[in-house]
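Here's upload_23.cif, which has mmCIF, C-alpha atoms:
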```cif
data_protein
loop_
_atom_site.label_atom_id
_atom_site.label_comp_id
_atom_site.auth_asym_id
_atom_site.auth_seq_id
_atom_site.Cartn_x
_atom_site.Cartn_y
_atom_site.Cartn_z
CA MET Q 1 15.06 12.52 13.00
CA PRO Q 2 17.69 11.41 10.47
CA ASN Q 3 17.29 7.72 11.40
CA ILE Q 4 13.69 7.25 10.23
CA TRP Q 5 13.07 3.65 9.22
CA LYS Q 6 11.59 3.27 5.75
CA PRO Q 7 10.59 -0.03 4.15
CA SER Q 8 11.21 -0.53 0.43
CA VAL Q 9 7.90 -0.32 -1.41
CA THR Q 10 7.43 -2.85 -4.18
CA VAL Q 11 4.64 -3.95 -6.48
CA ALA Q 12 3.93 -7.37 -7.98
CA ALA Q 13 1.46 -8.91 -10.41
CA VAL Q 14 -0.36 -12.22 -10.20
CA ILE Q 15 -1.32 -13.07 -13.77
CA GLU Q 16 -3.23 -16.30 -14.40
CA ARG Q 17 -4.01 -17.89 -17.73
CA ASP Q 18 -5.62 -21.34 -17.93
CA GLY Q 19 -4.46 -22.36 -14.45
CA HIS Q 20 -0.88 -21.20 -15.06
CA PHE Q 21 0.80 -18.15 -13.53
CA LEU Q 22 3.24 -15.84 -15.31
CA LEU Q 23 6.58 -15.80 -13.53
CA ILE Q 24 10.02 -14.49 -14.26
CA GLU Q 25 13.32 -16.22 -13.74
CA GLU Q 26 15.91 -13.70 -12.65
CA GLU Q 27 19.53 -13.39 -11.62
CA THR Q 28 19.83 -12.19 -7.98
CA SER Q 29 22.62 -11.87 -5.42
CA ASP Q 30 21.37 -15.25 -4.10
CA GLY Q 31 21.50 -16.90 -7.54
CA VAL Q 32 18.74 -17.59 -10.06
CA ARG Q 33 15.29 -17.13 -8.50
CA LEU Q 34 11.61 -17.23 -9.50
CA ASN Q 35 9.27 -14.33 -8.84
CA GLN Q 36 6.12 -12.71 -10.05
CA PRO Q 37 6.78 -9.72 -12.29
CA ALA Q 38 7.67 -7.23 -9.56
CA GLY Q 39 9.81 -4.27 -8.68
CA HIS Q 40 10.20 -1.02 -6.81
CA LEU Q 41 7.84 1.91 -6.80
CA ASP Q 42 9.56 4.77 -8.60
CA PRO Q 43 9.23 8.45 -7.72
CA HIS Q 44 6.26 10.27 -9.25
CA GLU Q 45 4.15 7.20 -10.07
CA SER Q 46 1.12 5.55 -8.53
CA LEU Q 47 1.16 1.94 -7.37
CA GLU Q 48 -0.96 0.98 -10.38
CA GLN Q 49 1.43 2.73 -12.78
CA ALA Q 50 4.36 0.97 -11.13
CA VAL Q 51 2.91 -2.53 -11.55
CA VAL Q 52 2.00 -1.85 -15.20
CA ARG Q 53 5.54 -0.60 -15.85
CA GLU Q 54 7.21 -3.51 -14.03
CA VAL Q 55 5.18 -6.15 -15.90
CA LEU Q 56 6.09 -4.55 -19.22
CA GLU Q 57 9.79 -4.25 -18.32
CA GLU Q 58 10.10 -7.79 -16.98
CA THR Q 59 7.80 -9.75 -19.30
CA ALA Q 60 7.27 -7.51 -22.37
CA HIS Q 61 3.49 -7.87 -21.79
CA ASP Q 62 1.00 -5.09 -21.30
CA PHE Q 63 -0.83 -5.47 -17.98
CA THR Q 64 -4.22 -4.28 -16.83
CA PRO Q 65 -4.64 -4.50 -13.05
CA SER Q 66 -8.14 -5.42 -11.91
CA ALA Q 67 -7.81 -5.70 -8.10
CA LEU Q 68 -5.42 -5.64 -5.18
CA VAL Q 69 -4.76 -9.17 -3.90
CA GLY Q 70 -2.97 -8.05 -0.76
CA MET Q 71 -0.25 -6.10 0.96
CA TYR Q 72 2.66 -8.08 2.33
CA MET Q 73 5.58 -7.15 4.55
CA SER Q 74 8.70 -9.27 4.85
CA CYS Q 75 12.30 -8.86 5.92
CA TYR Q 76 15.29 -10.04 3.93
CA ASN Q 77 18.98 -10.03 4.82
CA SER Q 78 20.78 -8.52 1.87
CA LYS Q 79 24.13 -10.28 1.56
CA ARG Q 80 25.22 -7.72 -1.02
CA ARG Q 81 24.51 -4.74 1.26
CA GLY Q 82 25.07 -6.55 4.56
CA ILE Q 83 21.84 -5.26 6.10
CA ASP Q 84 18.26 -6.31 6.74
CA VAL Q 85 15.82 -4.83 4.25
CA THR Q 86 12.08 -4.72 4.90
CA TYR Q 87 9.81 -4.88 1.86
CA LEU Q 88 6.23 -3.67 1.73
CA ARG Q 89 4.73 -5.37 -1.33
CA PHE Q 90 1.46 -4.40 -3.00
CA THR Q 91 0.30 -7.34 -5.11
CA PHE Q 92 -2.21 -6.85 -7.90
CA CYS Q 93 -4.04 -9.30 -10.10
CA GLY Q 94 -5.12 -8.62 -13.63
CA SER Q 95 -4.71 -9.67 -17.20
CA ALA Q 96 -1.74 -9.78 -19.52
CA GLY Q 97 -2.28 -8.09 -22.84
CA GLN Q 98 -0.22 -7.74 -25.96
CA LYS Q 99 3.32 -9.10 -25.91
CA HIS Q 100 5.83 -6.66 -27.33
CA ASP Q 101 9.05 -7.39 -29.17
CA GLN Q 102 11.45 -5.82 -26.70
CA PRO Q 103 14.30 -6.97 -24.48
CA LEU Q 104 13.50 -7.94 -20.89
CA ASP Q 105 14.86 -5.91 -17.97
CA ASP Q 106 18.49 -6.45 -16.91
CA GLY Q 107 18.80 -9.60 -14.84
CA ILE Q 108 15.64 -11.22 -16.20
CA ILE Q 109 16.57 -14.54 -17.81
CA ARG Q 110 13.15 -15.54 -19.11
CA THR Q 111 9.43 -15.66 -18.47
CA LEU Q 112 7.57 -18.89 -17.79
CA TRP Q 113 4.08 -20.09 -16.94
CA MET Q 114 3.72 -22.47 -13.98
CA THR Q 115 0.82 -24.06 -12.13
CA ARG Q 116 0.40 -23.49 -8.41
CA ASP Q 117 1.58 -27.07 -7.75
CA GLU Q 118 4.69 -26.58 -9.88
CA MET Q 119 5.43 -23.41 -7.94
CA ALA Q 120 4.95 -25.19 -4.61
CA ALA Q 121 7.36 -27.92 -5.67
CA CYS Q 122 10.22 -25.44 -6.11
CA GLN Q 123 9.75 -22.99 -3.23
CA GLN Q 124 13.49 -23.02 -2.50
CA ARG Q 125 13.93 -21.18 -5.82
CA HIS Q 126 11.43 -18.41 -4.98
CA ARG Q 127 12.82 -14.92 -4.54
CA SER Q 128 10.65 -14.42 -1.47
CA PRO Q 129 8.24 -16.39 0.71
CA THR Q 130 5.49 -14.08 -0.56
CA VAL Q 131 5.60 -15.54 -4.10
CA LEU Q 132 3.49 -18.60 -3.28
CA ARG Q 133 1.49 -16.77 -0.60
CA CYS Q 134 0.27 -14.22 -3.18
CA VAL Q 135 -0.87 -17.00 -5.52
CA ASP Q 136 -2.62 -18.82 -2.67
CA ASP Q 137 -4.39 -15.62 -1.61
CA TYR Q 138 -5.41 -14.99 -5.23
CA LEU Q 139 -6.76 -18.56 -5.56
CA ALA Q 140 -8.67 -18.11 -2.27
CA GLY Q 141 -10.43 -15.11 -3.84
CA ALA Q 142 -8.65 -12.29 -2.00
CA ARG Q 143 -9.51 -9.09 -3.88
CA ALA Q 144 -9.80 -5.46 -2.89
CA PRO Q 145 -11.07 -2.87 -5.34
CA LEU Q 146 -8.51 -0.56 -6.93
CA ALA Q 147 -10.69 2.32 -5.73
CA LEU Q 148 -9.18 1.78 -2.26
CA LEU Q 149 -5.89 3.15 -3.60
CA HIS Q 150 -5.51 6.89 -3.92
CA THR Q 151 -2.50 8.77 -5.22
CA HIS Q 152 -2.64 12.46 -4.40
CA ALA Q 153 -1.93 14.86 -7.28
CA SER Q 154 1.14 16.13 -5.41
CA VAL Q 155 2.94 12.93 -6.40
CA PHE Q 156 2.56 13.86 -10.04
CA ASP Q 157 2.82 17.63 -9.54
CA SER Q 158 6.30 17.26 -8.06
CA ALA Q 159 7.31 15.38 -11.21
CA LEU Q 160 6.05 18.28 -13.33
CA THR Q 161 7.88 20.74 -11.08
CA MET Q 162 11.14 18.78 -11.46
CA LEU Q 163 10.67 18.58 -15.23
CA THR Q 164 10.04 22.33 -15.41
CA MET Q 165 13.11 23.05 -13.28
CA ASN Q 166 15.32 20.75 -15.35
CA THR Q 167 14.04 22.24 -18.62
CA ALA Q 168 14.61 25.81 -17.37
CA ALA Q 169 18.18 24.94 -16.33
CA THR Q 170 19.14 23.71 -19.81
#
```
Exercise: express the given structure as structure tokens:
Amino acid sequence: MPNIWKPSVTVAAVIERDGHFLLIEEETSDGVRLNQPAGHLDPHESLEQAVVREVLEETAHDFTPSALVGMYMSCYNSKRRGIDVTYLRFTFCGSAGQKHDQPLDDGIIRTLWMTRDEMAACQQRHRSPTVLRCVDDYLAGARAPLALLHTHASVFDSALTMLTMNTAAT
């Protein structure tokens, strides 16, 4: 079974303040694009931990997720890799907290706040068709409780096992 298909798991955050949504402008293989703060799920972290980390790395804001807006699957042809990549995106909503004085992640040009209409007017600049869809779902009231998500302790235990093994080897 070496050819098991696996989608790339990502997380994203819909953060609204006074009718404006926090976005990032980033350098991609397709040029400069707009996206919610988003990124890949890393080993040994829960989905909630991943979205908190990604928001901090990409916007320098703390983030407190309050609900799951939706789960989205899309396919993208990666020009850089020359293959189709399927993304499974877990989108959270919540509030931005303190802004820290730290550099933004590599490739992030800046953060900006846009209304839904401003976002709709520049869809050709969106990183993915899910960017506006997530905002529309959020505005329509789509929310699932975070209690629906469960991360088994084995996810974290394997991280402790790796840390112990690495420490013992040094």
As a list in words, please: the residues near segment 65-81 of chain Q (cut-off 7 Å, only C-alpha atoms, same-chain neighbours under 3 positions excluded).
Ser29, Asp84, Val85, Thr86, Tyr87, Leu88, Arg89, Phe90, Thr91, Phe92, Cys93, Gly94, Ser95, Asp137, Tyr138, Ala142, Arg143, Ala144, Pro145 and Leu146 of chain Q
Store the residues picked out above, limited to C-alpha atoms, as a CSV table (one decimal), keeping the file's coordinate frame.
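Saved the output as result22.csv:
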```
chain,number,residue,atom,x,y,z
Q,29,SER,CA,22.6,-11.9,-5.4
Q,84,ASP,CA,18.3,-6.3,6.7
Q,85,VAL,CA,15.8,-4.8,4.2
Q,86,THR,CA,12.1,-4.7,4.9
Q,87,TYR,CA,9.8,-4.9,1.9
Q,88,LEU,CA,6.2,-3.7,1.7
Q,89,ARG,CA,4.7,-5.4,-1.3
Q,90,PHE,CA,1.5,-4.4,-3.0
Q,91,THR,CA,0.3,-7.3,-5.1
Q,92,PHE,CA,-2.2,-6.8,-7.9
Q,93,CYS,CA,-4.0,-9.3,-10.1
Q,94,GLY,CA,-5.1,-8.6,-13.6
Q,95,SER,CA,-4.7,-9.7,-17.2
Q,137,ASP,CA,-4.4,-15.6,-1.6
Q,138,TYR,CA,-5.4,-15.0,-5.2
Q,142,ALA,CA,-8.6,-12.3,-2.0
Q,143,ARG,CA,-9.5,-9.1,-3.9
Q,144,ALA,CA,-9.8,-5.5,-2.9
Q,145,PRO,CA,-11.1,-2.9,-5.3
Q,146,LEU,CA,-8.5,-0.6,-6.9
```
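The nearest approach to Asp117 of chain Q among the residues Q:Thr10, Q:Gly141, Q:His44, Q:Val135, with all atoms listed in the file taken into account, belongs to Q:Val135.
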Pull the neighbourhood of (10.0, 3.7, -1.2) for me: all residues within 10 Å in file coordinates, counting only C-alpha atoms, as a compact mmCIF listing (two decimals) with C-alpha atoms, in the frame of the given file.
```txt
# COMPACT_ATOMS: atom_id res chain seq x y z
CA LYS Q 6 11.59 3.27 5.75
CA PRO Q 7 10.59 -0.03 4.15
CA SER Q 8 11.21 -0.53 0.43
CA VAL Q 9 7.90 -0.32 -1.41
CA THR Q 10 7.43 -2.85 -4.18
CA HIS Q 40 10.20 -1.02 -6.81
CA LEU Q 41 7.84 1.91 -6.80
CA ASP Q 42 9.56 4.77 -8.60
CA PRO Q 43 9.23 8.45 -7.72
CA TYR Q 87 9.81 -4.88 1.86
CA LEU Q 88 6.23 -3.67 1.73
```
Which neighbours of Leu56 of chain Q fall inside 12 Å, counting only C-alpha atoms, when residues of the same chain fewer than 5 positions from it are skipped, and could you give them as a PyMOL selection string?
chain Q and resi 12-13+24+37-39+49-51+61-64+96-105+111
Mind pulling up the distance from atom CA of Glu26 of chain Q to atom CA of Arg125 of chain Q?
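Those two atoms sit 10.3 Å apart.
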Would you mind reading off the distance between atom CA of Glu48 of chain Q and atom CA of Ala147 of chain Q, one decimal, in Å?
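Computing it gives 10.9 Å between the two atoms.
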File output, segment 81-115 of chain Q (N, CA and C atoms) as a PDB file, in the first residue's frame:
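That gives us decode.pdb:
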```pdb
ATOM      1  N   ARG Q  81       5.508  22.142  -8.095  1.00  0.00           N
ATOM      2  CA  ARG Q  81       5.746  20.708  -7.954  1.00  0.00           C
ATOM      3  C   ARG Q  81       5.246  19.905  -9.153  1.00  0.00           C
ATOM      4  N   GLY Q  82       4.427  20.544  -9.996  1.00  0.00           N
ATOM      5  CA  GLY Q  82       3.924  19.864 -11.186  1.00  0.00           C
ATOM      6  C   GLY Q  82       2.917  18.763 -10.896  1.00  0.00           C
ATOM      7  N   ILE Q  83       2.186  18.882  -9.799  1.00  0.00           N
ATOM      8  CA  ILE Q  83       1.203  17.868  -9.429  1.00  0.00           C
ATOM      9  C   ILE Q  83      -0.052  18.539  -8.874  1.00  0.00           C
ATOM     10  N   ASP Q  84      -1.133  17.764  -8.837  1.00  0.00           N
ATOM     11  CA  ASP Q  84      -2.342  18.225  -8.160  1.00  0.00           C
ATOM     12  C   ASP Q  84      -2.195  17.945  -6.672  1.00  0.00           C
ATOM     13  N   VAL Q  85      -2.568  18.924  -5.859  1.00  0.00           N
ATOM     14  CA  VAL Q  85      -2.518  18.777  -4.409  1.00  0.00           C
ATOM     15  C   VAL Q  85      -3.929  19.017  -3.879  1.00  0.00           C
ATOM     16  N   THR Q  86      -4.409  18.105  -3.054  1.00  0.00           N
ATOM     17  CA  THR Q  86      -5.717  18.257  -2.430  1.00  0.00           C
ATOM     18  C   THR Q  86      -5.510  18.764  -1.011  1.00  0.00           C
ATOM     19  N   TYR Q  87      -6.248  19.795  -0.671  1.00  0.00           N
ATOM     20  CA  TYR Q  87      -6.174  20.389   0.666  1.00  0.00           C
ATOM     21  C   TYR Q  87      -7.464  20.117   1.417  1.00  0.00           C
ATOM     22  N   LEU Q  88      -7.325  19.712   2.671  1.00  0.00           N
ATOM     23  CA  LEU Q  88      -8.438  19.573   3.588  1.00  0.00           C
ATOM     24  C   LEU Q  88      -8.242  20.645   4.643  1.00  0.00           C
ATOM     25  N   ARG Q  89      -9.088  21.676   4.595  1.00  0.00           N
ATOM     26  CA  ARG Q  89      -8.921  22.876   5.421  1.00  0.00           C
ATOM     27  C   ARG Q  89      -9.960  22.925   6.534  1.00  0.00           C
ATOM     28  N   PHE Q  90      -9.482  23.068   7.752  1.00  0.00           N
ATOM     29  CA  PHE Q  90     -10.334  23.260   8.920  1.00  0.00           C
ATOM     30  C   PHE Q  90     -10.295  24.749   9.256  1.00  0.00           C
ATOM     31  N   THR Q  91     -11.439  25.411   9.120  1.00  0.00           N
ATOM     32  CA  THR Q  91     -11.481  26.849   9.335  1.00  0.00           C
ATOM     33  C   THR Q  91     -12.186  27.172  10.651  1.00  0.00           C
ATOM     34  N   PHE Q  92     -11.494  27.943  11.470  1.00  0.00           N
ATOM     35  CA  PHE Q  92     -11.981  28.346  12.785  1.00  0.00           C
ATOM     36  C   PHE Q  92     -12.334  29.824  12.768  1.00  0.00           C
ATOM     37  N   CYS Q  93     -13.217  30.220  13.658  1.00  0.00           N
ATOM     38  CA  CYS Q  93     -13.421  31.636  13.916  1.00  0.00           C
ATOM     39  C   CYS Q  93     -13.031  31.884  15.367  1.00  0.00           C
ATOM     40  N   GLY Q  94     -12.771  33.128  15.669  1.00  0.00           N
ATOM     41  CA  GLY Q  94     -12.373  33.474  17.018  1.00  0.00           C
ATOM     42  C   GLY Q  94     -11.913  34.910  17.064  1.00  0.00           C
ATOM     43  N   SER Q  95     -11.245  35.242  18.137  1.00  0.00           N
ATOM     44  CA  SER Q  95     -10.845  36.633  18.323  1.00  0.00           C
ATOM     45  C   SER Q  95      -9.329  36.786  18.337  1.00  0.00           C
ATOM     46  N   ALA Q  96      -8.901  37.909  17.769  1.00  0.00           N
ATOM     47  CA  ALA Q  96      -7.485  38.268  17.800  1.00  0.00           C
ATOM     48  C   ALA Q  96      -7.206  38.955  19.130  1.00  0.00           C
ATOM     49  N   GLY Q  97      -6.099  38.606  19.702  1.00  0.00           N
ATOM     50  CA  GLY Q  97      -5.694  39.213  20.967  1.00  0.00           C
ATOM     51  C   GLY Q  97      -4.534  40.156  20.774  1.00  0.00           C
ATOM     52  N   GLN Q  98      -3.648  40.131  21.717  1.00  0.00           N
ATOM     53  CA  GLN Q  98      -2.493  41.027  21.719  1.00  0.00           C
ATOM     54  C   GLN Q  98      -1.670  40.884  20.444  1.00  0.00           C
ATOM     55  N   LYS Q  99      -1.195  42.013  19.942  1.00  0.00           N
ATOM     56  CA  LYS Q  99      -0.286  42.021  18.800  1.00  0.00           C
ATOM     57  C   LYS Q  99       1.128  42.122  19.347  1.00  0.00           C
ATOM     58  N   HIS Q 100       1.972  41.208  18.896  1.00  0.00           N
ATOM     59  CA  HIS Q 100       3.347  41.148  19.371  1.00  0.00           C
ATOM     60  C   HIS Q 100       4.287  41.844  18.400  1.00  0.00           C
ATOM     61  N   ASP Q 101       5.394  42.303  18.916  1.00  0.00           N
ATOM     62  CA  ASP Q 101       6.426  42.920  18.092  1.00  0.00           C
ATOM     63  C   ASP Q 101       7.370  41.815  17.634  1.00  0.00           C
ATOM     64  N   GLN Q 102       7.017  41.204  16.507  1.00  0.00           N
ATOM     65  CA  GLN Q 102       7.827  40.109  15.977  1.00  0.00           C
ATOM     66  C   GLN Q 102       7.688  40.105  14.459  1.00  0.00           C
ATOM     67  N   PRO Q 103       8.689  39.555  13.777  1.00  0.00           N
ATOM     68  CA  PRO Q 103       8.581  39.491  12.314  1.00  0.00           C
ATOM     69  C   PRO Q 103       7.499  38.496  11.898  1.00  0.00           C
ATOM     70  N   LEU Q 104       6.896  38.732  10.737  1.00  0.00           N
ATOM     71  CA  LEU Q 104       5.906  37.823  10.188  1.00  0.00           C
ATOM     72  C   LEU Q 104       6.625  36.671   9.490  1.00  0.00           C
ATOM     73  N   ASP Q 105       5.931  35.561   9.338  1.00  0.00           N
ATOM     74  CA  ASP Q 105       6.478  34.373   8.692  1.00  0.00           C
ATOM     75  C   ASP Q 105       7.079  34.708   7.320  1.00  0.00           C
ATOM     76  N   ASP Q 106       8.039  33.905   6.889  1.00  0.00           N
ATOM     77  CA  ASP Q 106       8.631  34.071   5.552  1.00  0.00           C
ATOM     78  C   ASP Q 106       7.535  34.064   4.501  1.00  0.00           C
ATOM     79  N   GLY Q 107       7.605  34.971   3.568  1.00  0.00           N
ATOM     80  CA  GLY Q 107       6.633  35.050   2.489  1.00  0.00           C
ATOM     81  C   GLY Q 107       5.441  35.941   2.772  1.00  0.00           C
ATOM     82  N   ILE Q 108       5.218  36.272   4.040  1.00  0.00           N
ATOM     83  CA  ILE Q 108       4.097  37.153   4.386  1.00  0.00           C
ATOM     84  C   ILE Q 108       4.557  38.594   4.182  1.00  0.00           C
ATOM     85  N   ILE Q 109       3.856  39.315   3.334  1.00  0.00           N
ATOM     86  CA  ILE Q 109       4.209  40.706   3.028  1.00  0.00           C
ATOM     87  C   ILE Q 109       3.639  41.644   4.079  1.00  0.00           C
ATOM     88  N   ARG Q 110       2.343  41.433   4.401  1.00  0.00           N
ATOM     89  CA  ARG Q 110       1.695  42.312   5.376  1.00  0.00           C
ATOM     90  C   ARG Q 110       0.355  41.722   5.781  1.00  0.00           C
ATOM     91  N   THR Q 111      -0.210  42.292   6.832  1.00  0.00           N
ATOM     92  CA  THR Q 111      -1.581  41.975   7.224  1.00  0.00           C
ATOM     93  C   THR Q 111      -2.464  43.146   6.806  1.00  0.00           C
ATOM     94  N   LEU Q 112      -3.731  42.859   6.603  1.00  0.00           N
ATOM     95  CA  LEU Q 112      -4.681  43.921   6.271  1.00  0.00           C
ATOM     96  C   LEU Q 112      -6.079  43.501   6.695  1.00  0.00           C
ATOM     97  N   TRP Q 113      -6.921  44.475   6.915  1.00  0.00           N
ATOM     98  CA  TRP Q 113      -8.313  44.251   7.291  1.00  0.00           C
ATOM     99  C   TRP Q 113      -9.185  44.673   6.115  1.00  0.00           C
ATOM    100  N   MET Q 114     -10.068  43.781   5.667  1.00  0.00           N
ATOM    101  CA  MET Q 114     -10.936  44.057   4.528  1.00  0.00           C
ATOM    102  C   MET Q 114     -12.374  43.668   4.864  1.00  0.00           C
ATOM    103  N   THR Q 115     -13.322  44.397   4.262  1.00  0.00           N
ATOM    104  CA  THR Q 115     -14.722  44.008   4.389  1.00  0.00           C
ATOM    105  C   THR Q 115     -14.997  42.829   3.456  1.00  0.00           C
TER     106      THR Q 115
END
```
